[in-house]
Amino acid sequence: MSGRRLQQIIPSVATSDGAGVSLRRSLGHSPGTRVDPFLMLDEFFSDDPNDYIAGFPPHPHRGFETVTYMLDGHMLHEDHLGNRGDLLPGGAQWMTAGRGIIHSEMPQQESGRMRGFQLWINLPAAEKMKPASYCDIRPEQIPQSTLADGGTVRVLAGAIELDGRKIAGPVQGVSTEPLYLDVRLAAGGSFVQPLAPGHNALVYAYEGRVAIGAEPERRTLPVQSAGVLGGDGGVELHAVGGPACFLLLAARPLHEPLVQYGPFVMNTREEIEQAIDDYRQNRLA
């Protein structure tokens, strides 16, 4: 069951996006740092409003899904179709851009901490041109369970079994069958999770250090780094030198051609050119 091992470490790099929001990017900071179907993973974390106040003004997407998960702070989502949603502390939004959307994500605070993550998940070719859709998830809709050693696990997508109980997250039925967990371990704590055969998986440590895998292949993942898992079966994770917090992500790979141009992710160069033209001619959605 604990057959997965830490195969590759992708350190996050400091960068900015939107209108100057400071963040750290692990997956997606270069073409070789994607993990099919995961395209990009950003962590934003600051107590200084100068790092986030400009937000993400209107910008387009086509061909993939964005998952925004807030730990602290308040963001407002609006799009050109008239949709509007609040991202609250502990809440999330699962957005399927599909054939196209132009949206903004703007901070609703002028001070305090803004902290969270944005994950991009590719869509299969057959779904890239479907209508845009949203799942706004309030904090209380994300189930949280206490682990035996005092840690916690929150389930945003997919399902786990804990103490004989099935715990299902609010996001189900996505074609890539994603698992999205936020796990927080006490010092010396551990977590063992089965993973679907053939699914790609990774761990992102956002606080503390996490040891991954069973002995003798166990390796430690540094903080603010993504760890790509190799092998098959489940994964065994341990907090090292104190408490540790991490995201555990897994999904079914697509094994399809991928061409990305900024906010457009398609299968061919011709489809990218069509997306650019549709955006310029106001035909995106």
# chains A, B, ... in the order shown; residues from 1 in each chain; ligands from 1
$ closest_atom_pairs --of "range 23-62 of chain A" --to "range 121-127 of chain A" --cutoff "6 Å" --atoms "only C-alpha atoms" --output "JSON lines"
{"residue": "A:Pro37", "atom": "CA", "partner": "A:Asn122", "partner_atom": "CA", "distance": 5.1}
{"residue": "A:Phe38", "atom": "CA", "partner": "A:Ile121", "partner_atom": "CA", "distance": 4.6}
{"residue": "A:Leu39", "atom": "CA", "partner": "A:Ile121", "partner_atom": "CA", "distance": 5.7}
$ residues_around --residues "Ser190 in chain A" --least-positions-apart "3" --cutoff "10 Å" --atoms "only C-alpha atoms" --output "PyMOL selection string"
chain A and resi 147-151+183-187+210-212+236-240+244
$ residues_around --residues "Leu284 in chain A" --least-positions-apart "3" --cutoff "12 Å" --atoms "only C-alpha atoms" --output "list in words"
His59, Pro60, His61, Arg62, Gly63, His80, Leu81, Ala97, Gly98, Arg99, Gly100, Ile101, Ile102, His103, Met129, Lys130, Pro131, Ala132, Phe264, Ile272, Gln274, Ala275, Ile276, Asp277, Asp278, Tyr279, Arg280 and Gln281 of chain A
$ residues_around --residues "Met114 in chain A" --least-positions-apart "4" --cutoff "7 Å" --atoms "only C-alpha atoms" --output "ChimeraX atom specification"
/A:45-47,72-73
$ residues_around --residues "Val223 in chain A" --least-positions-apart "6" --cutoff "12 Å" --atoms "only C-alpha atoms" --output "PDB file with N, CA, C and O atoms, in the first residue's frame"
ATOM      1  N   ILE A   9      11.956  16.603  -6.801  1.00  0.00           N
ATOM      2  CA  ILE A   9      11.636  17.781  -6.006  1.00  0.00           C
ATOM      3  C   ILE A   9      11.642  18.999  -6.916  1.00  0.00           C
ATOM      4  O   ILE A   9      12.607  19.241  -7.644  1.00  0.00           O
ATOM      5  N   ILE A  10      10.536  19.753  -6.897  1.00  0.00           N
ATOM      6  CA  ILE A  10      10.410  20.980  -7.681  1.00  0.00           C
ATOM      7  C   ILE A  10      10.319  22.146  -6.699  1.00  0.00           C
ATOM      8  O   ILE A  10       9.242  22.419  -6.150  1.00  0.00           O
ATOM      9  N   PRO A  11      11.426  22.831  -6.422  1.00  0.00           N
ATOM     10  CA  PRO A  11      11.354  23.987  -5.517  1.00  0.00           C
ATOM     11  C   PRO A  11      10.477  25.078  -6.130  1.00  0.00           C
ATOM     12  O   PRO A  11      10.487  25.287  -7.346  1.00  0.00           O
ATOM     13  N   SER A  12       9.743  25.779  -5.298  1.00  0.00           N
ATOM     14  CA  SER A  12       8.984  26.928  -5.809  1.00  0.00           C
ATOM     15  C   SER A  12       9.930  28.096  -6.037  1.00  0.00           C
ATOM     16  O   SER A  12      10.981  28.213  -5.402  1.00  0.00           O
ATOM     17  N   ARG A  24       4.671  32.297  -5.036  1.00  0.00           N
ATOM     18  CA  ARG A  24       5.698  31.301  -5.305  1.00  0.00           C
ATOM     19  C   ARG A  24       5.091  30.230  -6.201  1.00  0.00           C
ATOM     20  O   ARG A  24       4.019  29.694  -5.895  1.00  0.00           O
ATOM     21  N   SER A  26       5.570  26.568  -8.096  1.00  0.00           N
ATOM     22  CA  SER A  26       6.314  25.314  -8.194  1.00  0.00           C
ATOM     23  C   SER A  26       5.982  24.674  -9.541  1.00  0.00           C
ATOM     24  O   SER A  26       6.699  24.881 -10.520  1.00  0.00           O
ATOM     25  N   GLU A  43       1.481  29.349  -4.754  1.00  0.00           N
ATOM     26  CA  GLU A  43       1.179  29.657  -3.357  1.00  0.00           C
ATOM     27  C   GLU A  43       1.338  31.162  -3.166  1.00  0.00           C
ATOM     28  O   GLU A  43       2.387  31.719  -3.505  1.00  0.00           O
ATOM     29  N   VAL A 203       3.045  16.006  -3.691  1.00  0.00           N
ATOM     30  CA  VAL A 203       2.866  16.613  -2.370  1.00  0.00           C
ATOM     31  C   VAL A 203       3.469  18.004  -2.425  1.00  0.00           C
ATOM     32  O   VAL A 203       4.580  18.179  -2.960  1.00  0.00           O
ATOM     33  N   TYR A 204       2.754  19.003  -1.891  1.00  0.00           N
ATOM     34  CA  TYR A 204       3.326  20.346  -1.764  1.00  0.00           C
ATOM     35  C   TYR A 204       3.382  20.683  -0.280  1.00  0.00           C
ATOM     36  O   TYR A 204       2.340  20.781   0.386  1.00  0.00           O
ATOM     37  N   ALA A 205       4.602  20.845   0.252  1.00  0.00           N
ATOM     38  CA  ALA A 205       4.789  21.180   1.665  1.00  0.00           C
ATOM     39  C   ALA A 205       4.734  22.692   1.836  1.00  0.00           C
ATOM     40  O   ALA A 205       5.590  23.401   1.303  1.00  0.00           O
ATOM     41  N   TYR A 206       3.731  23.179   2.559  1.00  0.00           N
ATOM     42  CA  TYR A 206       3.640  24.628   2.733  1.00  0.00           C
ATOM     43  C   TYR A 206       4.024  25.092   4.130  1.00  0.00           C
ATOM     44  O   TYR A 206       4.228  26.292   4.360  1.00  0.00           O
ATOM     45  N   GLU A 207       4.167  24.165   5.060  1.00  0.00           N
ATOM     46  CA  GLU A 207       4.752  24.482   6.370  1.00  0.00           C
ATOM     47  C   GLU A 207       5.489  23.252   6.857  1.00  0.00           C
ATOM     48  O   GLU A 207       4.958  22.127   6.801  1.00  0.00           O
ATOM     49  N   GLY A 208       6.706  23.442   7.340  1.00  0.00           N
ATOM     50  CA  GLY A 208       7.482  22.334   7.876  1.00  0.00           C
ATOM     51  C   GLY A 208       8.020  21.414   6.787  1.00  0.00           C
ATOM     52  O   GLY A 208       7.907  21.683   5.585  1.00  0.00           O
ATOM     53  N   ARG A 209       8.630  20.319   7.221  1.00  0.00           N
ATOM     54  CA  ARG A 209       9.221  19.350   6.301  1.00  0.00           C
ATOM     55  C   ARG A 209       8.460  18.028   6.392  1.00  0.00           C
ATOM     56  O   ARG A 209       8.012  17.631   7.465  1.00  0.00           O
ATOM     57  N   VAL A 210       8.345  17.372   5.245  1.00  0.00           N
ATOM     58  CA  VAL A 210       7.567  16.134   5.141  1.00  0.00           C
ATOM     59  C   VAL A 210       8.475  15.026   4.601  1.00  0.00           C
ATOM     60  O   VAL A 210       9.089  15.178   3.545  1.00  0.00           O
ATOM     61  N   ALA A 211       8.551  13.910   5.319  1.00  0.00           N
ATOM     62  CA  ALA A 211       9.263  12.735   4.829  1.00  0.00           C
ATOM     63  C   ALA A 211       8.270  11.857   4.079  1.00  0.00           C
ATOM     64  O   ALA A 211       7.175  11.572   4.579  1.00  0.00           O
ATOM     65  N   ALA A 239       5.708  13.956   9.465  1.00  0.00           N
ATOM     66  CA  ALA A 239       6.229  15.271   9.826  1.00  0.00           C
ATOM     67  C   ALA A 239       7.635  15.106  10.381  1.00  0.00           C
ATOM     68  O   ALA A 239       7.897  14.223  11.195  1.00  0.00           O
ATOM     69  N   VAL A 240       8.554  15.968   9.945  1.00  0.00           N
ATOM     70  CA  VAL A 240       9.959  15.879  10.334  1.00  0.00           C
ATOM     71  C   VAL A 240      10.363  17.136  11.099  1.00  0.00           C
ATOM     72  O   VAL A 240      10.224  18.249  10.595  1.00  0.00           O
ATOM     73  N   GLY A 241      10.851  16.950  12.350  1.00  0.00           N
ATOM     74  CA  GLY A 241      11.397  18.071  13.112  1.00  0.00           C
ATOM     75  C   GLY A 241      10.373  19.058  13.614  1.00  0.00           C
ATOM     76  O   GLY A 241      10.719  20.192  13.939  1.00  0.00           O
ATOM     77  N   PRO A 243       5.785  20.211  13.498  1.00  0.00           N
ATOM     78  CA  PRO A 243       4.550  20.072  12.716  1.00  0.00           C
ATOM     79  C   PRO A 243       4.816  20.284  11.228  1.00  0.00           C
ATOM     80  O   PRO A 243       5.804  20.910  10.846  1.00  0.00           O
ATOM     81  N   ALA A 244       3.918  19.781  10.413  1.00  0.00           N
ATOM     82  CA  ALA A 244       4.041  19.948   8.962  1.00  0.00           C
ATOM     83  C   ALA A 244       2.657  20.044   8.343  1.00  0.00           C
ATOM     84  O   ALA A 244       1.711  19.378   8.794  1.00  0.00           O
ATOM     85  N   CYS A 245       2.540  20.882   7.317  1.00  0.00           N
ATOM     86  CA  CYS A 245       1.292  21.034   6.578  1.00  0.00           C
ATOM     87  C   CYS A 245       1.594  20.868   5.094  1.00  0.00           C
ATOM     88  O   CYS A 245       2.585  21.396   4.597  1.00  0.00           O
ATOM     89  N   PHE A 246       0.726  20.136   4.393  1.00  0.00           N
ATOM     90  CA  PHE A 246       0.983  19.894   2.973  1.00  0.00           C
ATOM     91  C   PHE A 246      -0.318  19.620   2.229  1.00  0.00           C
ATOM     92  O   PHE A 246      -1.335  19.224   2.819  1.00  0.00           O
ATOM     93  N   LEU A 247      -0.261  19.852   0.911  1.00  0.00           N
ATOM     94  CA  LEU A 247      -1.328  19.437   0.012  1.00  0.00           C
ATOM     95  C   LEU A 247      -0.925  18.104  -0.602  1.00  0.00           C
ATOM     96  O   LEU A 247       0.229  17.931  -1.017  1.00  0.00           O
TER      97      LEU A 247
END
$ closest_residue --among "A:Gly198, A:Pro253, A:Gly173, A:Gly242" --to "Gly158 in chain A" --atoms "only C-alpha atoms"
A:Gly173
$ residues_around --residues "range 64-69 of chain A" --least-positions-apart "5" --cutoff "7 Å" --atoms "only C-alpha atoms" --output "compact mmCIF listing (two decimals) with N, CA, C and O atoms, in the first residue's frame"
# COMPACT_ATOMS: atom_id res chain seq x y z
N GLY A 91 -12.30 28.46 2.36
CA GLY A 91 -13.16 28.08 1.25
C GLY A 91 -12.38 27.93 -0.04
O GLY A 91 -11.16 28.08 -0.09
N ALA A 92 -13.10 27.62 -1.12
CA ALA A 92 -12.45 27.35 -2.40
C ALA A 92 -13.39 27.67 -3.54
O ALA A 92 -14.60 27.84 -3.35
N GLN A 93 -12.83 27.72 -4.74
CA GLN A 93 -13.62 27.79 -5.96
C GLN A 93 -13.01 26.86 -7.00
O GLN A 93 -11.79 26.87 -7.21
N TRP A 94 -13.86 26.03 -7.60
CA TRP A 94 -13.44 25.14 -8.68
C TRP A 94 -14.07 25.69 -9.96
O TRP A 94 -15.28 25.64 -10.13
N MET A 95 -13.26 26.25 -10.84
CA MET A 95 -13.77 26.88 -12.05
C MET A 95 -13.32 26.08 -13.27
O MET A 95 -12.13 25.82 -13.45
N THR A 96 -14.27 25.71 -14.11
CA THR A 96 -13.98 25.07 -15.39
C THR A 96 -14.07 26.15 -16.46
O THR A 96 -15.16 26.63 -16.77
N ALA A 97 -12.91 26.53 -16.99
CA ALA A 97 -12.91 27.59 -18.00
C ALA A 97 -13.55 27.13 -19.30
O ALA A 97 -14.22 27.90 -19.99
N GLY A 98 -13.34 25.84 -19.66
CA GLY A 98 -13.94 25.32 -20.88
C GLY A 98 -13.59 26.17 -22.09
O GLY A 98 -12.44 26.56 -22.28
N GLY A 116 -3.08 31.45 0.28
CA GLY A 116 -3.83 30.38 -0.38
C GLY A 116 -3.04 29.82 -1.55
O GLY A 116 -1.84 30.04 -1.70
N PHE A 117 -3.77 29.08 -2.38
CA PHE A 117 -3.16 28.36 -3.50
C PHE A 117 -4.05 28.46 -4.73
O PHE A 117 -5.28 28.53 -4.62
N GLN A 118 -3.43 28.45 -5.90
CA GLN A 118 -4.18 28.23 -7.13
C GLN A 118 -3.53 27.11 -7.92
O GLN A 118 -2.32 27.13 -8.18
N LEU A 119 -4.36 26.14 -8.29
CA LEU A 119 -3.94 24.97 -9.04
C LEU A 119 -4.63 24.99 -10.39
O LEU A 119 -5.83 25.26 -10.47
N TRP A 120 -3.88 24.71 -11.47
CA TRP A 120 -4.46 24.55 -12.80
C TRP A 120 -4.46 23.07 -13.16
O TRP A 120 -3.42 22.40 -13.05
N ILE A 121 -5.62 22.58 -13.61
CA ILE A 121 -5.77 21.18 -14.01
C ILE A 121 -6.23 21.13 -15.46
O ILE A 121 -7.23 21.76 -15.83
N ASN A 122 -5.52 20.39 -16.28
CA ASN A 122 -5.86 20.31 -17.69
C ASN A 122 -7.20 19.61 -17.91
O ASN A 122 -7.62 18.77 -17.10
N LEU A 123 -7.87 19.96 -19.00
CA LEU A 123 -9.09 19.28 -19.43
C LEU A 123 -8.77 18.36 -20.61
O LEU A 123 -7.93 18.71 -21.45
N LYS A 128 -12.51 20.54 -23.74
CA LYS A 128 -11.91 21.86 -23.73
C LYS A 128 -12.86 22.96 -24.20
O LYS A 128 -12.70 24.12 -23.83
N VAL A 265 -4.79 26.81 -22.87
CA VAL A 265 -4.16 25.49 -22.87
C VAL A 265 -4.97 24.57 -23.77
O VAL A 265 -6.10 24.20 -23.45
$ select_by_dssp --residues "range 167-237 of chain A" --states "strand (DSSP E or B)" --output "count of residues only"
39
$ atom_distance --atom1 "CA of Asp42 in chain A" --atom2 "CA of Leu27 in chain A"
7.5 Å
$ closest_residue --among "A:His199, A:Gly230, A:Ala251, A:Asn267" --to "Val174 in chain A" --atoms "only C-alpha atoms"
A:Ala251
$ atom_distance --atom1 "CA of Asp36 in chain A" --atom2 "CA of Leu229 in chain A"
12.2 Å
$ atom_distance --atom1 "CA of Pro178 in chain A" --atom2 "CA of Arg115 in chain A"
22.4 Å
$ residues_around --residues "Gln141 in chain A" --least-positions-apart "6" --cutoff "12 Å" --atoms "only C-alpha atoms" --output "MDAnalysis selection string"
chainID A and resid 88 90:93 135 154:157 167:171
$ select_by_dssp --residues "range 1-243 of chain A" --states "helix (DSSP H, G or I)" --output "list in words"
Pro31, Gly32, Thr33, Pro49, Asn50, Asp51, Ala125, Ala126, Glu127, Pro139, Glu140 and Gln141 of chain A
$ closest_residue --among "A:Leu254, A:Ala54, A:Val192, A:Met75" --to "Ser16 in chain A" --atoms "only C-alpha atoms"
A:Ala54
$ closest_residue --among "A:Val13, A:Glu110, A:Leu248, A:Glu217" --to "Arg25 in chain A" --atoms "only C-alpha atoms"
A:Val13
